[in-house]
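Please read the structure below before turning to the comments.
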Amino acid sequence: MADDFGDDAGQQIFDWALRLGLEGYRRGGGPAGQRAVEEAIGRLEAALESARDAIGAQPEQSGGAPKEARTDARFARLDMSEFAELEDGQRVISAVDAKLAANDIWHGMTEDGGTPWLVFKTADAPAVASTFDQLVSDTRKAASRAAERIRQEQEREGGSRGADRDREPLKERAERARRASEAQSHDAERDRVPEQDRVETRSK
């Protein structure tokens, strides 16, 4: 599967999205599974785009401190809190780490005061921003494939239930149908009797 994305980062995002989707599917069926994938992917995509935009932000810009905070002239760091707050966010951070490594970008993951940070060379900022763009593309591809897998799972389970019925011996199926028919006839007879009584009463 890594070949489908070009590296392990896309595979990790796919695995993450599929796991969340299957959990939703088991709780509420196919629609719930699809919804879980869409919601998880939507949050991840927003976090990736926010990170990409923050990498290009300048510390002098007004309107609050940017996510990127320069530690010195050579290095910058990016707040990864938005990723950590995702469900199973460490898996997503691991995917970011894998993508940067696949692109041969020097970086490190660290924590300061409870906040997770991505540290990279200031000179590599354009390459890091491009990496986040690639991750957005991988995320969309992973979403499509995870949704397709959930649809396949739903079809497989539906087919399995049908197959179980088909494997039932013909004699047992016939007996079950006979019992159902008798029960229906009995109900019809019970409903008909009071009507006959009313007819006989009027005739007297």
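Every chain in the structure tokens has a letter given in the order shown (A, B, ...), and although residue numbers restart at 1 in each chain, ligands are simply numbered from 1 in the order shown.
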Neighbours of Ala142 (chain A) within 8 Å (only C-alpha atoms; same-chain residues fewer than 5 positions away dropped), as a ChimeraX atom specification? /A:10-11,13-14,17
Which neighbours of Ala147 (chain A) fall inside 8 Å, counting only C-alpha atoms, when residues of the same chain fewer than 2 positions from it are skipped, and could you give them as a list in words?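 The filter keeps Leu18, Gly21, Gly33, Gln34, Val37, Ala143, Ser144, Arg145, Arg149, Ile150 and Arg151 of chain A.
As for CA of Gly29 (chain A) and CA of Gln152 (chain A), they are spaced 12.4 Å apart.
What separates CA of Ile55 (chain A) from CA of Ser130 (chain A) is a distance of 10.0 Å.
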With only C-alpha atoms as the counted atoms, please give the residues lying no more than 9 Å from Leu135 (chain A), apart from itself and same-chain residues fewer than 4 positions off, as an MDAnalysis selection string. chainID A and resid 9:10 13 45 48 95:96 99 130:131 139:140
